[in-house]
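Data file: target37.pdb. Format and content: PDB, C-alpha atoms.
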ATOM      1  CA  MET D 509      60.248 -49.789   7.645
ATOM      2  CA  ASP D 510      58.443 -47.007   5.796
ATOM      3  CA  LEU D 511      56.592 -44.952   8.404
ATOM      4  CA  SER D 512      54.321 -43.503   5.733
ATOM      5  CA  GLU D 513      52.721 -46.930   5.261
ATOM      6  CA  PHE D 514      50.801 -46.658   8.553
ATOM      7  CA  ASP D 515      47.505 -44.883   9.211
ATOM      8  CA  ALA D 516      47.259 -45.177  13.006
ATOM      9  CA  LEU D 517      49.615 -45.104  15.984
ATOM     10  CA  SER D 518      48.761 -46.694  19.336
ATOM     11  CA  PHE D 519      50.704 -45.399  22.312
ATOM     12  CA  ASP D 520      51.612 -46.619  25.718
ATOM     13  CA  CYS D 521      51.382 -43.422  27.754
ATOM     14  CA  TYR D 522      53.304 -43.797  31.011
ATOM     15  CA  GLY D 523      57.001 -44.097  30.343
ATOM     16  CA  THR D 524      56.514 -43.108  26.705
ATOM     17  CA  LEU D 525      54.622 -39.794  26.818
ATOM     18  CA  ILE D 526      54.363 -39.139  30.563
ATOM     19  CA  ASP D 527      57.445 -39.379  32.797
ATOM     20  CA  TRP D 528      56.035 -41.844  35.309
ATOM     21  CA  GLU D 529      59.426 -42.590  36.862
ATOM     22  CA  THR D 530      59.834 -38.951  37.880
ATOM     23  CA  GLY D 531      56.243 -38.968  39.120
ATOM     24  CA  ILE D 532      56.686 -42.090  41.240
ATOM     25  CA  ALA D 533      60.107 -41.040  42.543
ATOM     26  CA  SER D 534      58.693 -37.666  43.608
ATOM     27  CA  ILE D 535      56.668 -39.583  46.228
ATOM     28  CA  LEU D 536      59.023 -42.453  47.052
ATOM     29  CA  ALA D 537      62.113 -40.271  47.588
ATOM     30  CA  PRO D 538      60.715 -38.002  50.331
ATOM     31  CA  TRP D 539      59.113 -41.030  52.007
ATOM     32  CA  ALA D 540      62.485 -42.782  52.018
ATOM     33  CA  LYS D 541      64.167 -39.709  53.483
ATOM     34  CA  GLU D 542      61.518 -39.456  56.202
ATOM     35  CA  THR D 543      61.948 -43.123  57.151
ATOM     36  CA  GLY D 544      65.746 -42.984  57.145
ATOM     37  CA  LEU D 545      66.360 -45.068  54.015
ATOM     38  CA  GLU D 546      69.441 -43.905  52.129
ATOM     39  CA  LEU D 547      68.440 -45.034  48.646
ATOM     40  CA  SER D 548      68.715 -43.328  45.267
ATOM     41  CA  ASP D 549      65.704 -42.775  43.029
ATOM     42  CA  GLU D 550      66.911 -45.610  40.811
ATOM     43  CA  GLU D 551      67.157 -48.000  43.749
ATOM     44  CA  LEU D 552      63.652 -47.071  44.885
ATOM     45  CA  LEU D 553      62.201 -47.537  41.396
ATOM     46  CA  LEU D 554      63.880 -50.918  41.067
ATOM     47  CA  ALA D 555      62.428 -52.020  44.400
ATOM     48  CA  TYR D 556      58.980 -50.808  43.338
ATOM     49  CA  ALA D 557      58.762 -52.208  39.792
ATOM     50  CA  ASP D 558      57.987 -55.881  40.397
ATOM     51  CA  ASN D 559      55.463 -55.078  43.148
ATOM     52  CA  GLU D 560      53.257 -53.041  40.825
ATOM     53  CA  ALA D 561      53.450 -55.616  38.032
ATOM     54  CA  ARG D 562      52.627 -58.476  40.411
ATOM     55  CA  ILE D 563      49.523 -56.730  41.763
ATOM     56  CA  GLU D 564      48.331 -55.917  38.248
ATOM     57  CA  ARG D 565      48.692 -59.565  37.293
ATOM     58  CA  ASP D 566      47.022 -60.970  40.421
ATOM     59  CA  ALA D 567      44.247 -58.359  40.803
ATOM     60  CA  PRO D 568      43.427 -57.200  37.264
ATOM     61  CA  SER D 569      40.202 -55.434  38.246
ATOM     62  CA  LEU D 570      41.774 -53.397  41.067
ATOM     63  CA  PRO D 571      41.589 -49.642  40.276
ATOM     64  CA  TYR D 572      44.961 -48.165  39.423
ATOM     65  CA  PRO D 573      45.127 -45.782  42.410
ATOM     66  CA  GLU D 574      44.751 -48.832  44.666
ATOM     67  CA  VAL D 575      47.416 -50.681  42.675
ATOM     68  CA  LEU D 576      49.829 -47.804  43.269
ATOM     69  CA  ALA D 577      49.017 -47.621  46.970
ATOM     70  CA  GLU D 578      49.399 -51.370  47.554
ATOM     71  CA  ALA D 579      52.582 -51.553  45.484
ATOM     72  CA  PHE D 580      54.020 -48.779  47.657
ATOM     73  CA  ARG D 581      53.092 -50.668  50.837
ATOM     74  CA  ARG D 582      54.723 -53.858  49.559
ATOM     75  CA  THR D 583      57.814 -51.940  48.514
ATOM     76  CA  GLY D 584      58.095 -50.475  51.992
ATOM     77  CA  SER D 585      57.704 -53.898  53.557
ATOM     78  CA  ALA D 586      60.445 -55.309  51.334
ATOM     79  CA  LEU D 587      62.741 -52.431  52.302
ATOM     80  CA  GLY D 588      61.947 -52.771  56.004
ATOM     81  CA  ALA D 589      60.096 -49.469  56.379
ATOM     82  CA  ALA D 590      56.348 -49.107  56.847
ATOM     83  CA  VAL D 591      54.281 -47.044  54.418
ATOM     84  CA  SER D 592      51.455 -45.186  56.140
ATOM     85  CA  ASP D 593      48.015 -44.840  54.579
ATOM     86  CA  GLU D 594      48.786 -41.168  54.021
ATOM     87  CA  TRP D 595      51.906 -41.917  51.997
ATOM     88  CA  ALA D 596      50.177 -44.730  50.089
ATOM     89  CA  GLY D 597      47.316 -42.376  49.277
ATOM     90  CA  ARG D 598      49.714 -39.736  48.010
ATOM     91  CA  LEU D 599      51.103 -42.096  45.418
ATOM     92  CA  GLY D 600      47.664 -43.454  44.564
ATOM     93  CA  SER D 601      46.334 -39.986  43.750
ATOM     94  CA  SER D 602      49.454 -38.665  42.037
ATOM     95  CA  VAL D 603      48.930 -39.760  38.417
ATOM     96  CA  PRO D 604      47.447 -36.452  37.167
ATOM     97  CA  GLU D 605      50.497 -34.647  38.568
ATOM     98  CA  TRP D 606      53.093 -36.760  36.755
ATOM     99  CA  PRO D 607      54.931 -34.575  34.218
ATOM    100  CA  ALA D 608      54.918 -35.072  30.481
ATOM    101  CA  PHE D 609      58.272 -35.551  28.814
ATOM    102  CA  PRO D 610      59.293 -32.183  27.335
ATOM    103  CA  ASP D 611      58.998 -33.407  23.743
ATOM    104  CA  SER D 612      55.694 -35.301  23.998
ATOM    105  CA  ALA D 613      53.138 -32.584  23.218
ATOM    106  CA  ASP D 614      54.952 -31.218  20.171
ATOM    107  CA  ALA D 615      55.670 -34.716  18.857
ATOM    108  CA  LEU D 616      52.025 -35.749  19.171
ATOM    109  CA  ALA D 617      50.826 -32.570  17.469
ATOM    110  CA  SER D 618      53.146 -33.314  14.540
ATOM    111  CA  LEU D 619      52.125 -36.971  14.324
ATOM    112  CA  ALA D 620      48.427 -36.044  14.411
ATOM    113  CA  GLU D 621      48.821 -34.495  10.952
ATOM    114  CA  ASN D 622      49.346 -37.921   9.388
ATOM    115  CA  TYR D 623      48.015 -40.564  11.772
ATOM    116  CA  ALA D 624      45.082 -41.469  13.976
ATOM    117  CA  LEU D 625      46.323 -41.466  17.578
ATOM    118  CA  ILE D 626      45.175 -44.078  20.105
ATOM    119  CA  ILE D 627      46.075 -44.455  23.793
ATOM    120  CA  VAL D 628      46.518 -47.972  25.230
ATOM    121  CA  SER D 629      47.264 -47.372  28.896
ATOM    122  CA  ASN D 630      47.507 -49.172  32.250
ATOM    123  CA  VAL D 631      45.806 -46.422  34.253
ATOM    124  CA  HIS D 632      42.290 -45.261  35.127
ATOM    125  CA  ARG D 633      40.185 -42.746  33.200
ATOM    126  CA  GLU D 634      40.508 -39.949  35.742
ATOM    127  CA  GLY D 635      44.280 -40.333  35.908
ATOM    128  CA  PHE D 636      44.645 -40.230  32.158
ATOM    129  CA  ALA D 637      42.373 -37.185  31.889
ATOM    130  CA  GLY D 638      44.899 -35.253  33.969
ATOM    131  CA  SER D 639      47.741 -36.492  31.799
ATOM    132  CA  ASN D 640      45.854 -35.707  28.599
ATOM    133  CA  ALA D 641      45.629 -32.068  29.653
ATOM    134  CA  ARG D 642      49.439 -32.039  29.708
ATOM    135  CA  LEU D 643      49.699 -33.667  26.290
ATOM    136  CA  GLY D 644      47.289 -31.270  24.590
ATOM    137  CA  VAL D 645      46.084 -33.629  21.853
ATOM    138  CA  ALA D 646      42.613 -34.936  20.989
ATOM    139  CA  PHE D 647      43.210 -38.676  20.722
ATOM    140  CA  ASP D 648      41.013 -40.639  18.344
ATOM    141  CA  SER D 649      40.433 -43.278  21.010
ATOM    142  CA  ILE D 650      41.498 -43.979  24.585
ATOM    143  CA  ILE D 651      41.714 -47.482  26.085
ATOM    144  CA  THR D 652      42.530 -47.692  29.794
ATOM    145  CA  ALA D 653      42.873 -50.547  32.266
ATOM    146  CA  GLU D 654      39.627 -49.356  33.815
ATOM    147  CA  ASP D 655      37.869 -49.874  30.464
ATOM    148  CA  VAL D 656      39.098 -53.422  29.866
ATOM    149  CA  GLY D 657      39.391 -54.711  33.447
ATOM    150  CA  ALA D 658      42.998 -55.821  33.071
ATOM    151  CA  TYR D 659      46.572 -54.591  32.905
ATOM    152  CA  LYS D 660      49.201 -55.076  30.217
ATOM    153  CA  PRO D 661      51.050 -57.295  29.400
ATOM    154  CA  ALA D 662      47.714 -59.151  29.407
ATOM    155  CA  HIS D 663      46.120 -58.899  25.970
ATOM    156  CA  SER D 664      42.814 -57.239  26.930
ATOM    157  CA  HIS D 665      43.917 -53.778  25.756
ATOM    158  CA  PHE D 666      44.966 -55.218  22.418
ATOM    159  CA  HIS D 667      41.671 -57.050  21.946
ATOM    160  CA  ALA D 668      39.922 -53.721  22.514
ATOM    161  CA  LEU D 669      42.356 -52.086  20.110
ATOM    162  CA  ASP D 670      41.202 -54.421  17.328
ATOM    163  CA  GLY D 671      37.670 -53.097  17.844
ATOM    164  CA  VAL D 672      38.858 -49.496  17.726
ATOM    165  CA  LEU D 673      40.672 -50.123  14.451
ATOM    166  CA  ALA D 674      37.499 -51.590  12.968
ATOM    167  CA  ASP D 675      35.546 -48.513  14.075
ATOM    168  CA  LEU D 676      38.164 -46.211  12.544
ATOM    169  CA  GLY D 677      38.303 -48.223   9.334
ATOM    170  CA  VAL D 678      42.042 -48.854   9.743
ATOM    171  CA  PRO D 679      43.385 -52.255   8.639
ATOM    172  CA  ARG D 680      45.355 -53.967  11.397
ATOM    173  CA  GLU D 681      48.521 -54.025   9.291
ATOM    174  CA  ARG D 682      48.328 -50.221   9.043
ATOM    175  CA  LEU D 683      48.708 -49.840  12.827
ATOM    176  CA  LEU D 684      52.062 -49.142  14.488
ATOM    177  CA  HIS D 685      52.376 -49.563  18.259
ATOM    178  CA  VAL D 686      54.686 -47.042  19.960
ATOM    179  CA  ALA D 687      55.941 -47.729  23.480
ATOM    180  CA  GLN D 688      58.819 -47.551  25.934
ATOM    181  CA  SER D 689      58.091 -50.663  27.984
ATOM    182  CA  LEU D 690      59.388 -53.925  26.587
ATOM    183  CA  PHE D 691      57.647 -55.770  29.459
ATOM    184  CA  HIS D 692      54.203 -54.177  29.162
ATOM    185  CA  ASP D 693      54.008 -53.539  25.417
ATOM    186  CA  HIS D 694      56.590 -55.062  23.118
ATOM    187  CA  VAL D 695      56.158 -58.587  24.475
ATOM    188  CA  PRO D 696      52.372 -58.654  23.841
ATOM    189  CA  ALA D 697      52.778 -56.694  20.586
ATOM    190  CA  ARG D 698      55.044 -59.456  19.280
ATOM    191  CA  GLN D 699      52.598 -62.119  20.453
ATOM    192  CA  ARG D 700      49.824 -60.380  18.524
ATOM    193  CA  GLY D 701      51.886 -59.781  15.399
ATOM    194  CA  LEU D 702      51.902 -55.980  15.621
ATOM    195  CA  SER D 703      54.580 -53.754  14.157
ATOM    196  CA  SER D 704      56.115 -51.620  16.884
ATOM    197  CA  VAL D 705      58.550 -48.823  17.677
ATOM    198  CA  TRP D 706      60.615 -48.719  20.855
ATOM    199  CA  ILE D 707      60.933 -45.260  22.406
ATOM    200  CA  ASN D 708      63.985 -46.019  24.497
ATOM    201  CA  ARG D 709      63.606 -43.267  27.088
ATOM    202  CA  ARG D 710      66.251 -44.905  29.299
ATOM    203  CA  HIS D 711      68.877 -45.073  26.545
ATOM    204  CA  ASP D 712      71.326 -43.061  28.675
ATOM    205  CA  ARG D 713      70.723 -45.019  31.913
ATOM    206  CA  PRO D 714      71.381 -48.661  32.823
ATOM    207  CA  GLY D 715      68.713 -50.979  34.160
ATOM    208  CA  TRP D 716      64.945 -51.096  33.825
ATOM    209  CA  GLY D 717      63.856 -48.487  36.361
ATOM    210  CA  ALA D 718      60.172 -48.694  37.295
ATOM    211  CA  THR D 719      59.492 -51.304  34.610
ATOM    212  CA  PRO D 720      60.250 -55.002  35.162
ATOM    213  CA  ALA D 721      62.615 -56.754  32.798
ATOM    214  CA  PRO D 722      60.730 -58.315  29.865
ATOM    215  CA  ALA D 723      59.342 -61.716  30.827
ATOM    216  CA  GLY D 724      58.969 -63.102  27.314
ATOM    217  CA  GLU D 725      60.221 -62.747  23.773
ATOM    218  CA  TYR D 726      59.922 -59.270  22.348
ATOM    219  CA  SER D 727      60.759 -57.467  19.139
ATOM    220  CA  TYR D 728      60.439 -54.015  17.637
ATOM    221  CA  ASP D 729      60.931 -52.681  14.144
ATOM    222  CA  LEU D 730      62.567 -49.344  14.925
ATOM    223  CA  GLU D 731      64.158 -47.709  17.968
ATOM    224  CA  PHE D 732      64.291 -44.018  18.848
ATOM    225  CA  PRO D 733      65.675 -42.361  22.003
ATOM    226  CA  THR D 734      62.859 -39.779  22.199
ATOM    227  CA  MET D 735      59.417 -38.991  20.842
ATOM    228  CA  ARG D 736      60.934 -35.990  19.104
ATOM    229  CA  ALA D 737      63.247 -38.223  17.092
ATOM    230  CA  PHE D 738      60.380 -40.535  16.163
ATOM    231  CA  ALA D 739      58.127 -37.651  15.112
ATOM    232  CA  GLU D 740      60.893 -36.163  12.967
ATOM    233  CA  ALA D 741      61.406 -39.497  11.202
ATOM    234  CA  ALA D 742      57.663 -39.885  10.637
ATOM    235  CA  CYS D 743      57.412 -36.334   9.298
ATOM    236  CA  ALA D 744      60.259 -36.966   6.882
ATOM    237  CA  ALA D 745      58.645 -40.206   5.700
ATOM    238  CA  ASN D 746      55.361 -38.411   5.053
ATOM    239  CA  ALA D 747      56.911 -35.326   3.428
ATOM    240  CA  GLY D 748      55.104 -34.327   0.288
ATOM    241  CA  GLY D 749      51.798 -35.841   1.357
ATOM    242  CA  ALA D 750      48.711 -33.789   2.071
ATOM    243  CA  GLY D 751      48.302 -35.168   5.589
ATOM    244  CA  ARG D 752      45.260 -36.941   6.881
ATOM    245  CA  SER D 753      41.850 -35.380   7.244
ATOM    246  CA  ARG D 754      41.226 -35.141  10.978
ATOM    247  CA  GLY D 755      38.110 -34.465  12.975
ATOM    248  CA  SER D 756      38.206 -32.522  16.212
ATOM    249  CA  GLY D 757      36.560 -35.121  18.418
ATOM    250  CA  GLN D 758      37.887 -37.633  20.897
ATOM    251  CA  ARG D 759      36.295 -40.999  21.509
ATOM    252  CA  ALA D 760      36.900 -42.854  24.736
ATOM    253  CA  MET D 761      36.086 -46.510  25.206
ATOM    254  CA  PRO D 762      32.612 -46.886  26.778
TER     255      PRO D 762
END

Represent the structure contained in this file as structure tokens.
Amino acid sequence: MDLSEFDALSFDCYGTLIDWETGIASILAPWAKETGLELSDEELLLAYADNEARIERDAPSLPYPEVLAEAFRRTGSALGAAVSDEWAGRLGSSVPEWPAFPDSADALASLAENYALIIVSNVHREGFAGSNARLGVAFDSIITAEDVGAYKPAHSHFHALDGVLADLGVPRERLLHVAQSLFHDHVPARQRGLSSVWINRRHDRPGWGATPAPAGEYSYDLEFPTMRAFAEAACAANAGGAGRSRGSGQRAMP
């Protein structure tokens, strides 16, 4: 794959750019300690993963803070320890506090020189606004679950993405989808015939963490362990070019 042959990059945010596992574990771990559960962060994330995905599938219009809170309650029930409304609320309101991966901001700034940047995320607008402040980039478009009334791996985000590409004047074959989650992103990307890059953030850890195992066939064209490595490869592929002409604005989905 020649990375210079693309004009736009669409990104999953949480797990790819923002370290959502650290963010979720920062709430689940002290709760577990308080309730007497002797579980590692990995064990807690594994217990949590399917609960969030199931709620997103069954209640696609539920706001993401409520998804987080209910997933936490169900996780506690499965582990035999109650989750109070206070603890559930802490997780529900925590998205803006989740840290960015250390390489995300610099990688995005580099990629912005050659590509339009689009967010395709399973959170709410307010949550992403907090994350965007950590990423420091003016995205060309932002598509959230709140905008489309559904959660990936459902295709609603990708239908909206087709409209964004038309607005930007980018042919669909010139889009590259960049994501960590095989379950949320690479399965539907394959179903929709999109080229994709796997940012394998868990390359040095076994298991799936806070993300369920992929539930369908998936594929990706390239794999990188970090955003830094991907940005360096893209920069090398585009070396010698003048870069793209970029405006300073940011357009969110209405």

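Considering all atoms listed in the file, the residue among D:Leu730, D:Ala739, D:Val631, D:Ile707 positioned nearest to Gly523 in chain D is D:Ile707.
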
Next item on the list: Specify as an NGL selection string each residue included when the PyMOL selection byres ((chain D and resi 553-558) around 6) is applied to this file.
Entry: :D and (550-552 or 559-562 or 583 or 717-720)

Store the residues picked out above in a file with C-alpha atoms, as a PDB file, in the coordinates of the input.
ATOM      1  CA  GLU D 550      66.911 -45.610  40.811  1.00  0.00           C
ATOM      2  CA  GLU D 551      67.157 -48.000  43.749  1.00  0.00           C
ATOM      3  CA  LEU D 552      63.652 -47.071  44.885  1.00  0.00           C
ATOM      4  CA  ASN D 559      55.463 -55.078  43.148  1.00  0.00           C
ATOM      5  CA  GLU D 560      53.257 -53.041  40.825  1.00  0.00           C
ATOM      6  CA  ALA D 561      53.450 -55.616  38.032  1.00  0.00           C
ATOM      7  CA  ARG D 562      52.627 -58.476  40.411  1.00  0.00           C
ATOM      8  CA  THR D 583      57.814 -51.940  48.514  1.00  0.00           C
ATOM      9  CA  GLY D 717      63.856 -48.487  36.361  1.00  0.00           C
ATOM     10  CA  ALA D 718      60.172 -48.694  37.295  1.00  0.00           C
ATOM     11  CA  THR D 719      59.492 -51.304  34.610  1.00  0.00           C
ATOM     12  CA  PRO D 720      60.250 -55.002  35.162  1.00  0.00           C
TER      13      PRO D 720
END

Item checked: Output of the PyMOL selection byres ((chain D and resi 535) around 12), listed as a VMD selection string -> chain D and resid 528 to 534 536 to 542 549 552 to 553 556 576 to 577 580 591 594 to 603 605 to 606

Margin query: Can you measure CA of Phe519 in chain D to CA of Val686 in chain D for me? One decimal in Å is fine.
Written below: 4.9 Å

Item checked: Counting only C-alpha atoms, the residue of D:Leu511, D:Ala674, D:Ala687, D:Ala658 that sits nearest Glu740 in chain D -> D:Leu511

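Every protein or nucleic acid residue with an atom no more than 8 Å from Tyr623 in chain D, counting all atoms listed in the file and leaving out same-chain residues fewer than 3 positions away, appears here: Phe514, Asp515, Ala516, Leu517, Leu619, Ala620 and Arg752 of chain D.
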
Item checked: Selection result for the PyMOL selection byres ((chain D and resi 521) around 8) on this file, as an MDAnalysis selection string -> chainID D and resid 519:520 522:526 627:629 687

Save the residues we just selected, C-alpha atoms, as a PDB file, keeping the file's coordinate frame?
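Below you can see selection_21.pdb, which holds the result:
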ATOM      1  CA  PHE D 519      50.704 -45.399  22.312  1.00  0.00           C
ATOM      2  CA  ASP D 520      51.612 -46.619  25.718  1.00  0.00           C
ATOM      3  CA  TYR D 522      53.304 -43.797  31.011  1.00  0.00           C
ATOM      4  CA  GLY D 523      57.001 -44.097  30.343  1.00  0.00           C
ATOM      5  CA  THR D 524      56.514 -43.108  26.705  1.00  0.00           C
ATOM      6  CA  LEU D 525      54.622 -39.794  26.818  1.00  0.00           C
ATOM      7  CA  ILE D 526      54.363 -39.139  30.563  1.00  0.00           C
ATOM      8  CA  ILE D 627      46.075 -44.455  23.793  1.00  0.00           C
ATOM      9  CA  VAL D 628      46.518 -47.972  25.230  1.00  0.00           C
ATOM     10  CA  SER D 629      47.264 -47.372  28.896  1.00  0.00           C
ATOM     11  CA  ALA D 687      55.941 -47.729  23.480  1.00  0.00           C
TER      12      ALA D 687
END

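Checking D:Val645, D:Glu654, D:Ser612, D:Ile626 one by one against Gly671 in chain D, counting all atoms listed in the file, you find the shortest gap at D:Ile626.
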
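For the set D:Asp712, D:Asp611, D:Glu731, D:Glu546, the residue with the smallest atom-to-atom gap to His694 in chain D is D:Glu731, counting all atoms listed in the file.
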
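The protein and nucleic acid residues lying at most 10 Å from Pro722 in chain D are Pro661, Ser689, Leu690, Phe691, His692, Asp693, His694, Val695, Trp716, Thr719, Glu725 and Tyr726 of chain D, with all atoms listed in the file considered and sequence neighbours fewer than 3 positions away removed.
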
Notebook entry, point to check: What is the CA of Arg682 in chain D-CA of Gly635 in chain D distance in Å, reported with one decimal?
Noted result: 28.9 Å

Checklist line | From D:Arg709, D:Pro610, D:Gly588, D:Glu621, residue lying nearest Ala646 in chain D [all atoms listed in the file] | finding: D:Glu621

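Distance-wise, CA of Glu564 in chain D and CA of Ala723 in chain D end up 14.5 Å apart.
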
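Closest approach to Gly677 in chain D from the set D:Ala744, D:Ala613, D:Ala624, D:Ala653 is made by D:Ala624, with distances taken over all atoms listed in the file.
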